[in-house]
Amino acid sequence: MTATAPPRRAPEAGPSSGKSAAGRRLRPRIVERLRQGGLPYLLLLPAVLAELLIHIVPMFFGILISFKNLTLFYIHHWNTAPWAGFDNYKAAVKIHQPIGQALLHSFWVTLSYTLLSVAFSWLLGVAAAILLQDKFRGRGLIRTIFLVPYALPAYAALITWTFMFQQDTGLVNHVLHDQLHVTSSKSFWLIGDNSFWAMVIVSVWKSWPFAFLALMAGLQNIPRELYEAAAMDGAGVWQQIRKITMPSLRPVNQVIVLVLFLWTFNDFNTPFVMFGQNPPHQADLISIHIYQSSFINWNFGSGSAMSVLLLLFLLVVTAVYLLVTSRGRSENDV
């Protein structure tokens with residue numbers, strides 16, 4: 001006698017089985033919809049979270065602190081600092097009072113420093129990119145040498161420049177005074193009026209390779225046939241630069257000028273490494289001024305208000321610049 005297994009009963013059809021079947025049908029649709037429409041947002045999610053944690057949240061707390069009277073006495077419990085309203089902003093913009101006068105002086109020094117640095121960096125970048133456009137022996141080596149300032153660590157480069165600007169043992173005075181006899185005495189470069197120009201020289205040195213690199217990439221996109229046709233029509237080198245090169249590089253130049261302006265106006269490393277926490281009056285950039293207000297005078301509310309004003313100024317400048325340049329581009333397209 002052999003035992004036989006009872007036949008398995010087929011599952012009874014009911015409401016629960018209907019739901020599971022419908023769920024199985026819906027799942028591929030959801031996955032398909034995520035794949036079609038949600039996947040780009042899912043890939044952007046890490047970048048959005050990083051942006052929130054690194055920029056948006058600190059900026060929110062910075063704006064909040066600017067409305068508080070946050071000083072050394074409340075640093076351990078900053079949320080209990082008394083509410084100041086717009087007092088920090090009023091003190092920053094009152095140019096007839098000490099805080100406003102100092103901020104206005106830093107603003108003009110920073111604006112002069114930025115305009116000079118951006119102008120010289122752009123001119124050097126344009127000249128180097130055009131000169132190295134044509135092929136010749138050693139062009140690759142010269143390009144590499146030109147990019148050295150862009151590749152060096154910023155702190156090491158600035159410390160080196162600081163040593164070079166020393167009055168007694170610096171290389172700058174050795175060349176200008178001992179070798180070329182341009183100056184009658186060894187100048188002070190890290191104090192006094194020369195400190196501003198020393199800062200501009202260092203800024204141009206470390207900024208112009210960026211302009212050179214971007215412009216060199218832009219030159220590669222200009223068809224050589226345009227230059228050949230212009231040469232056949234009798235156009236000289238200067239006419240080719242003015243009529244072909246510069247108009248073709250206009251979009252690249254717009255980006256370079258804007259990026260260099262924003263970088264230089266917010267520059268903190270150059271004055272801080274060259275002059276320390278207390279730079280000369282002639283080199284008192286607004287970034288160092290905000291640092292002094294916050295971390296030396298322990299008035300974080302005032303420093304935050306100055307930072308917000310700086311942010312608003314840069315946003316306005318950027319918006320106007322983009323509006324003007326985009327309008328000019330549209331007119332040219334028409």
# chains A, B, ... in the order shown; residues from 1 in each chain; ligands from 1

call {"tool": "select_by_dssp", "arguments": {"residues": "stretch 128-175 of chain A", "states": "alpha helix (DSSP H)", "output": "number ranges by chain"}}
result
A: 128-131, 139-146, 148-151, 154-164, 171-173

call {"tool": "closest_residue", "arguments": {"among": "A:Leu285, A:Leu219, A:Phe268, A:His55", "to": "A:Pro247", "atoms": "only C-alpha atoms"}}
result
A:Leu219

call {"tool": "closest_residue", "arguments": {"among": "A:Gly301, A:Gly234, A:Pro271, A:Pro209", "to": "A:Trp161", "atoms": "only C-alpha atoms"}}
result
A:Pro271

call {"tool": "residues_around", "arguments": {"residues": "stretch 318-322 of chain A", "least_positions_apart": "4", "cutoff": "9 Å", "atoms": "only C-alpha atoms", "output": "ChimeraX atom specification"}}
result
/A:254,258,262,313-314,326-327

call {"tool": "closest_residue", "arguments": {"among": "A:Pro280, A:Gly62, A:Gly85, A:Pro223", "to": "A:Met306", "atoms": "only C-alpha atoms"}}
result
A:Gly62

call {"tool": "residues_around", "arguments": {"residues": "A:Val172", "least_positions_apart": "4", "cutoff": "12 Å", "atoms": "only C-alpha atoms", "output": "list in words"}}
result
Thr160, Trp161, Thr162, Phe163, Met164, Phe165, Gln166, Gln167, Asp168, Leu176, His177, Asp178, Gln179, Leu180, His181, Val182, Thr183, Lys186, Ser187, Phe188, Trp189, Leu190, Ala198 and Ile201 of chain A

call {"tool": "write_last_selection", "arguments": {"atoms": "N, CA, C and O atoms", "output": "short mmCIF file (atom, residue, chain, number, x, y, z; two decimals), in the first residue's frame"}}
result
data_model
loop_
_atom_site.label_atom_id
_atom_site.label_comp_id
_atom_site.auth_asym_id
_atom_site.auth_seq_id
_atom_site.Cartn_x
_atom_site.Cartn_y
_atom_site.Cartn_z
N THR A 160 55.12 82.62 0.16
CA THR A 160 56.32 82.90 -0.64
C THR A 160 56.36 84.36 -1.06
O THR A 160 57.41 85.02 -0.99
N TRP A 161 55.21 84.89 -1.51
CA TRP A 161 55.16 86.30 -1.88
C TRP A 161 55.44 87.21 -0.68
O TRP A 161 56.06 88.27 -0.82
N THR A 162 54.96 86.81 0.48
CA THR A 162 55.21 87.61 1.69
C THR A 162 56.70 87.70 1.97
O THR A 162 57.22 88.78 2.32
N PHE A 163 57.41 86.59 1.84
CA PHE A 163 58.86 86.63 2.03
C PHE A 163 59.53 87.49 0.95
O PHE A 163 60.51 88.19 1.22
N MET A 164 59.02 87.41 -0.28
CA MET A 164 59.62 88.20 -1.36
C MET A 164 59.42 89.70 -1.16
O MET A 164 60.21 90.50 -1.65
N PHE A 165 58.37 90.08 -0.44
CA PHE A 165 58.10 91.50 -0.21
C PHE A 165 58.74 92.03 1.08
O PHE A 165 58.49 93.19 1.44
N GLN A 166 59.53 91.22 1.77
CA GLN A 166 60.21 91.72 2.97
C GLN A 166 61.16 92.86 2.60
O GLN A 166 61.78 92.85 1.54
N GLN A 167 61.29 93.81 3.49
CA GLN A 167 62.08 95.00 3.14
C GLN A 167 63.57 94.70 3.00
O GLN A 167 64.20 95.09 2.01
N ASP A 168 64.14 94.01 3.98
CA ASP A 168 65.61 93.83 3.98
C ASP A 168 66.05 92.62 3.17
O ASP A 168 67.04 92.69 2.45
N LEU A 176 64.77 95.47 -7.44
CA LEU A 176 64.50 96.88 -7.76
C LEU A 176 65.60 97.81 -7.27
O LEU A 176 65.96 98.78 -7.97
N HIS A 177 66.14 97.55 -6.08
CA HIS A 177 67.11 98.47 -5.49
C HIS A 177 68.56 98.06 -5.78
O HIS A 177 69.37 98.88 -6.25
N ASP A 178 68.88 96.80 -5.52
CA ASP A 178 70.28 96.36 -5.65
C ASP A 178 70.68 96.09 -7.09
O ASP A 178 71.81 96.39 -7.49
N GLN A 179 69.79 95.50 -7.87
CA GLN A 179 70.14 95.10 -9.23
C GLN A 179 69.82 96.18 -10.26
O GLN A 179 70.69 96.58 -11.05
N LEU A 180 68.58 96.64 -10.28
CA LEU A 180 68.16 97.60 -11.32
C LEU A 180 68.31 99.06 -10.90
O LEU A 180 68.22 99.96 -11.75
N HIS A 181 68.48 99.31 -9.60
CA HIS A 181 68.62 100.69 -9.06
C HIS A 181 67.43 101.57 -9.45
O HIS A 181 67.58 102.75 -9.75
N VAL A 182 66.25 100.99 -9.46
CA VAL A 182 65.04 101.75 -9.76
C VAL A 182 64.62 102.59 -8.58
O VAL A 182 64.15 103.73 -8.74
N THR A 183 64.77 102.09 -7.38
CA THR A 183 64.38 102.82 -6.16
C THR A 183 65.64 103.30 -5.43
O THR A 183 66.69 102.66 -5.47
N LYS A 186 65.35 100.83 -0.04
CA LYS A 186 64.52 99.62 0.00
C LYS A 186 63.14 99.98 0.56
O LYS A 186 63.04 100.47 1.68
N SER A 187 62.13 99.73 -0.22
CA SER A 187 60.79 100.16 0.13
C SER A 187 60.13 99.18 1.09
O SER A 187 60.46 97.99 1.13
N PHE A 188 59.17 99.71 1.83
CA PHE A 188 58.29 98.86 2.65
C PHE A 188 57.11 98.43 1.77
O PHE A 188 56.39 99.28 1.23
N TRP A 189 56.93 97.13 1.65
CA TRP A 189 55.85 96.62 0.81
C TRP A 189 54.68 96.07 1.63
O TRP A 189 53.58 95.92 1.09
N LEU A 190 54.92 95.76 2.88
CA LEU A 190 53.88 95.14 3.69
C LEU A 190 53.25 96.12 4.66
O LEU A 190 52.40 95.74 5.46
N ALA A 198 51.11 95.78 -3.39
CA ALA A 198 51.63 94.42 -3.21
C ALA A 198 50.49 93.41 -3.25
O ALA A 198 50.62 92.33 -3.85
N ILE A 201 49.35 93.01 -6.91
CA ILE A 201 50.30 92.20 -7.69
C ILE A 201 50.09 90.71 -7.41
O ILE A 201 50.04 89.88 -8.34
#

call {"tool": "atom_distance", "arguments": {"atom1": "atom CA of A:Ile241", "atom2": "atom CA of A:Asn253"}}
result
14.1 Å

call {"tool": "residues_around", "arguments": {"residues": "A:Val204", "least_positions_apart": "4", "cutoff": "6 Å", "atoms": "only C-alpha atoms", "output": "list in words"}}
result
Ser117, Ser121 and Trp208 of chain A

call {"tool": "atom_distance", "arguments": {"atom1": "atom CA of A:Phe210", "atom2": "atom CA of A:Ile142"}}
result
15.1 Å

call {"tool": "closest_residue", "arguments": {"among": "A:Ala229, A:Ile296, A:Ile63, A:Val200", "to": "A:Leu111", "atoms": "only C-alpha atoms"}}
result
A:Val200

call {"tool": "closest_residue", "arguments": {"among": "A:Asn88, A:Gln240, A:Ser304, A:Asn297", "to": "A:Gly100", "atoms": "only C-alpha atoms"}}
result
A:Asn88

call {"tool": "residues_around", "arguments": {"residues": "A:Tyr89", "least_positions_apart": "6", "cutoff": "9 Å", "atoms": "only C-alpha atoms", "output": "PyMOL selection string"}}
result
chain A and resi 66-67+302+305-306+309

call {"tool": "residues_around", "arguments": {"residues": "A:Leu124", "least_positions_apart": "2", "cutoff": "10 Å", "atoms": "only C-alpha atoms", "output": "compact mmCIF listing (two decimals) with all heavy atoms, in the first residue's frame"}}
result
# COMPACT_ATOMS: atom_id res chain seq x y z
N VAL A 118 41.00 92.49 -11.53
CA VAL A 118 40.27 91.87 -12.64
C VAL A 118 40.76 92.42 -13.98
O VAL A 118 40.95 91.66 -14.94
CB VAL A 118 38.76 92.11 -12.46
CG1 VAL A 118 37.99 91.63 -13.69
CG2 VAL A 118 38.24 91.39 -11.23
N ALA A 119 40.99 93.73 -14.04
CA ALA A 119 41.42 94.33 -15.31
C ALA A 119 42.78 93.78 -15.74
O ALA A 119 42.95 93.34 -16.89
CB ALA A 119 41.49 95.85 -15.16
N PHE A 120 43.76 93.78 -14.83
CA PHE A 120 45.09 93.29 -15.20
C PHE A 120 45.08 91.78 -15.45
O PHE A 120 45.79 91.29 -16.34
CB PHE A 120 46.10 93.64 -14.11
CG PHE A 120 46.51 95.08 -14.12
CD1 PHE A 120 46.22 95.91 -13.05
CD2 PHE A 120 47.18 95.62 -15.21
CE1 PHE A 120 46.59 97.25 -13.06
CE2 PHE A 120 47.55 96.96 -15.23
CZ PHE A 120 47.25 97.78 -14.16
N SER A 121 44.31 91.03 -14.68
CA SER A 121 44.24 89.58 -14.90
C SER A 121 43.65 89.27 -16.27
O SER A 121 44.14 88.39 -16.99
CB SER A 121 43.39 88.92 -13.81
OG SER A 121 43.93 89.13 -12.54
N TRP A 122 42.60 89.99 -16.63
CA TRP A 122 41.97 89.76 -17.93
C TRP A 122 42.91 90.15 -19.08
O TRP A 122 43.04 89.41 -20.07
CB TRP A 122 40.67 90.55 -18.02
CG TRP A 122 39.97 90.37 -19.31
CD1 TRP A 122 39.18 89.31 -19.68
CD2 TRP A 122 40.01 91.25 -20.43
NE1 TRP A 122 38.72 89.48 -20.96
CE2 TRP A 122 39.21 90.67 -21.45
CE3 TRP A 122 40.62 92.47 -20.68
CZ2 TRP A 122 39.03 91.27 -22.68
CZ3 TRP A 122 40.43 93.06 -21.91
CH2 TRP A 122 39.65 92.46 -22.90
N VAL A 126 44.23 87.52 -21.88
CA VAL A 126 43.96 87.70 -23.31
C VAL A 126 45.27 87.72 -24.11
O VAL A 126 45.40 87.04 -25.14
CB VAL A 126 43.17 89.01 -23.54
CG1 VAL A 126 43.10 89.33 -25.02
CG2 VAL A 126 41.77 88.88 -22.98
N ALA A 127 46.24 88.49 -23.62
CA ALA A 127 47.51 88.59 -24.35
C ALA A 127 48.20 87.24 -24.45
O ALA A 127 48.67 86.84 -25.53
CB ALA A 127 48.41 89.61 -23.66
N ALA A 128 48.25 86.51 -23.33
CA ALA A 128 48.94 85.21 -23.35
C ALA A 128 48.20 84.21 -24.23
O ALA A 128 48.83 83.43 -24.96
CB ALA A 128 49.04 84.68 -21.92
N ALA A 129 46.87 84.20 -24.17
CA ALA A 129 46.10 83.24 -24.98
C ALA A 129 46.28 83.51 -26.47
O ALA A 129 46.42 82.57 -27.26
CB ALA A 129 44.62 83.32 -24.59
N VAL A 204 46.76 89.50 -8.99
CA VAL A 204 46.85 89.33 -10.44
C VAL A 204 47.65 88.07 -10.77
O VAL A 204 47.28 87.29 -11.66
CB VAL A 204 47.50 90.57 -11.08
CG1 VAL A 204 47.80 90.33 -12.55
CG2 VAL A 204 46.59 91.78 -10.91
N TRP A 205 48.73 87.87 -10.03
CA TRP A 205 49.59 86.70 -10.29
C TRP A 205 48.81 85.40 -10.13
O TRP A 205 49.00 84.46 -10.91
CB TRP A 205 50.78 86.73 -9.33
CG TRP A 205 51.69 85.55 -9.46
CD1 TRP A 205 52.69 85.39 -10.37
CD2 TRP A 205 51.64 84.36 -8.68
NE1 TRP A 205 53.28 84.16 -10.18
CE2 TRP A 205 52.66 83.52 -9.15
CE3 TRP A 205 50.85 83.93 -7.61
CZ2 TRP A 205 52.90 82.27 -8.59
CZ3 TRP A 205 51.09 82.70 -7.06
CH2 TRP A 205 52.10 81.88 -7.55
N SER A 207 45.44 85.07 -10.27
CA SER A 207 44.13 85.04 -10.94
C SER A 207 44.24 84.94 -12.46
O SER A 207 43.36 84.35 -13.09
CB SER A 207 43.34 86.30 -10.58
OG SER A 207 43.09 86.37 -9.20
N TRP A 208 45.30 85.52 -13.04
CA TRP A 208 45.32 85.60 -14.50
C TRP A 208 45.41 84.25 -15.19
O TRP A 208 44.89 84.10 -16.32
CB TRP A 208 46.44 86.53 -14.97
CG TRP A 208 47.80 85.92 -15.02
CD1 TRP A 208 48.74 85.92 -14.03
CD2 TRP A 208 48.39 85.23 -16.12
NE1 TRP A 208 49.86 85.26 -14.43
CE2 TRP A 208 49.67 84.83 -15.72
CE3 TRP A 208 47.96 84.90 -17.40
CZ2 TRP A 208 50.52 84.13 -16.55
CZ3 TRP A 208 48.81 84.19 -18.24
CH2 TRP A 208 50.07 83.82 -17.80
N PRO A 209 46.01 83.19 -14.59
CA PRO A 209 45.99 81.89 -15.29
C PRO A 209 44.59 81.35 -15.52
O PRO A 209 44.37 80.63 -16.50
CB PRO A 209 46.79 80.98 -14.33
CG PRO A 209 47.70 81.90 -13.61
CD PRO A 209 46.91 83.14 -13.41
N ALA A 211 41.95 83.20 -16.33
CA ALA A 211 41.51 83.87 -17.55
C ALA A 211 42.23 83.30 -18.77
O ALA A 211 41.62 83.08 -19.83
CB ALA A 211 41.76 85.38 -17.43
N PHE A 212 43.51 83.05 -18.63
CA PHE A 212 44.30 82.48 -19.73
C PHE A 212 43.76 81.11 -20.15
O PHE A 212 43.58 80.84 -21.34
CB PHE A 212 45.76 82.38 -19.30
CG PHE A 212 46.61 81.51 -20.16
CD1 PHE A 212 46.88 81.86 -21.48
CD2 PHE A 212 47.12 80.31 -19.67
CE1 PHE A 212 47.65 81.04 -22.28
CE2 PHE A 212 47.90 79.50 -20.45
CZ PHE A 212 48.16 79.86 -21.76

call {"tool": "decode", "arguments": {"residues": "stretch 115-127 of chain A", "atoms": "N, CA and C atoms", "output": "PDB file, in the first residue's frame"}}
result
ATOM      1  N   LEU A 115      38.679  95.933  -9.030  1.00  0.00           N
ATOM      2  CA  LEU A 115      38.697  96.423 -10.416  1.00  0.00           C
ATOM      3  C   LEU A 115      40.099  96.327 -11.024  1.00  0.00           C
ATOM      4  N   LEU A 116      41.119  96.711 -10.252  1.00  0.00           N
ATOM      5  CA  LEU A 116      42.486  96.628 -10.771  1.00  0.00           C
ATOM      6  C   LEU A 116      42.905  95.178 -11.004  1.00  0.00           C
ATOM      7  N   SER A 117      42.589  94.316 -10.064  1.00  0.00           N
ATOM      8  CA  SER A 117      42.992  92.907 -10.199  1.00  0.00           C
ATOM      9  C   SER A 117      42.306  92.249 -11.387  1.00  0.00           C
ATOM     10  N   VAL A 118      40.999  92.491 -11.528  1.00  0.00           N
ATOM     11  CA  VAL A 118      40.266  91.869 -12.639  1.00  0.00           C
ATOM     12  C   VAL A 118      40.755  92.421 -13.977  1.00  0.00           C
ATOM     13  N   ALA A 119      40.986  93.729 -14.042  1.00  0.00           N
ATOM     14  CA  ALA A 119      41.420  94.329 -15.310  1.00  0.00           C
ATOM     15  C   ALA A 119      42.781  93.777 -15.743  1.00  0.00           C
ATOM     16  N   PHE A 120      43.757  93.779 -14.829  1.00  0.00           N
ATOM     17  CA  PHE A 120      45.090  93.288 -15.197  1.00  0.00           C
ATOM     18  C   PHE A 120      45.076  91.778 -15.453  1.00  0.00           C
ATOM     19  N   SER A 121      44.310  91.030 -14.684  1.00  0.00           N
ATOM     20  CA  SER A 121      44.239  89.576 -14.902  1.00  0.00           C
ATOM     21  C   SER A 121      43.647  89.272 -16.270  1.00  0.00           C
ATOM     22  N   TRP A 122      42.601  89.995 -16.628  1.00  0.00           N
ATOM     23  CA  TRP A 122      41.973  89.756 -17.931  1.00  0.00           C
ATOM     24  C   TRP A 122      42.905  90.146 -19.078  1.00  0.00           C
ATOM     25  N   LEU A 123      43.579  91.294 -18.944  1.00  0.00           N
ATOM     26  CA  LEU A 123      44.491  91.720 -20.009  1.00  0.00           C
ATOM     27  C   LEU A 123      45.631  90.723 -20.194  1.00  0.00           C
ATOM     28  N   LEU A 124      46.226  90.269 -19.100  1.00  0.00           N
ATOM     29  CA  LEU A 124      47.298  89.285 -19.209  1.00  0.00           C
ATOM     30  C   LEU A 124      46.792  87.972 -19.808  1.00  0.00           C
ATOM     31  N   GLY A 125      45.600  87.565 -19.397  1.00  0.00           N
ATOM     32  CA  GLY A 125      45.040  86.322 -19.934  1.00  0.00           C
ATOM     33  C   GLY A 125      44.779  86.408 -21.425  1.00  0.00           C
ATOM     34  N   VAL A 126      44.234  87.522 -21.880  1.00  0.00           N
ATOM     35  CA  VAL A 126      43.963  87.704 -23.315  1.00  0.00           C
ATOM     36  C   VAL A 126      45.270  87.720 -24.108  1.00  0.00           C
ATOM     37  N   ALA A 127      46.237  88.489 -23.624  1.00  0.00           N
ATOM     38  CA  ALA A 127      47.507  88.592 -24.350  1.00  0.00           C
ATOM     39  C   ALA A 127      48.203  87.237 -24.447  1.00  0.00           C
TER      40      ALA A 127
END
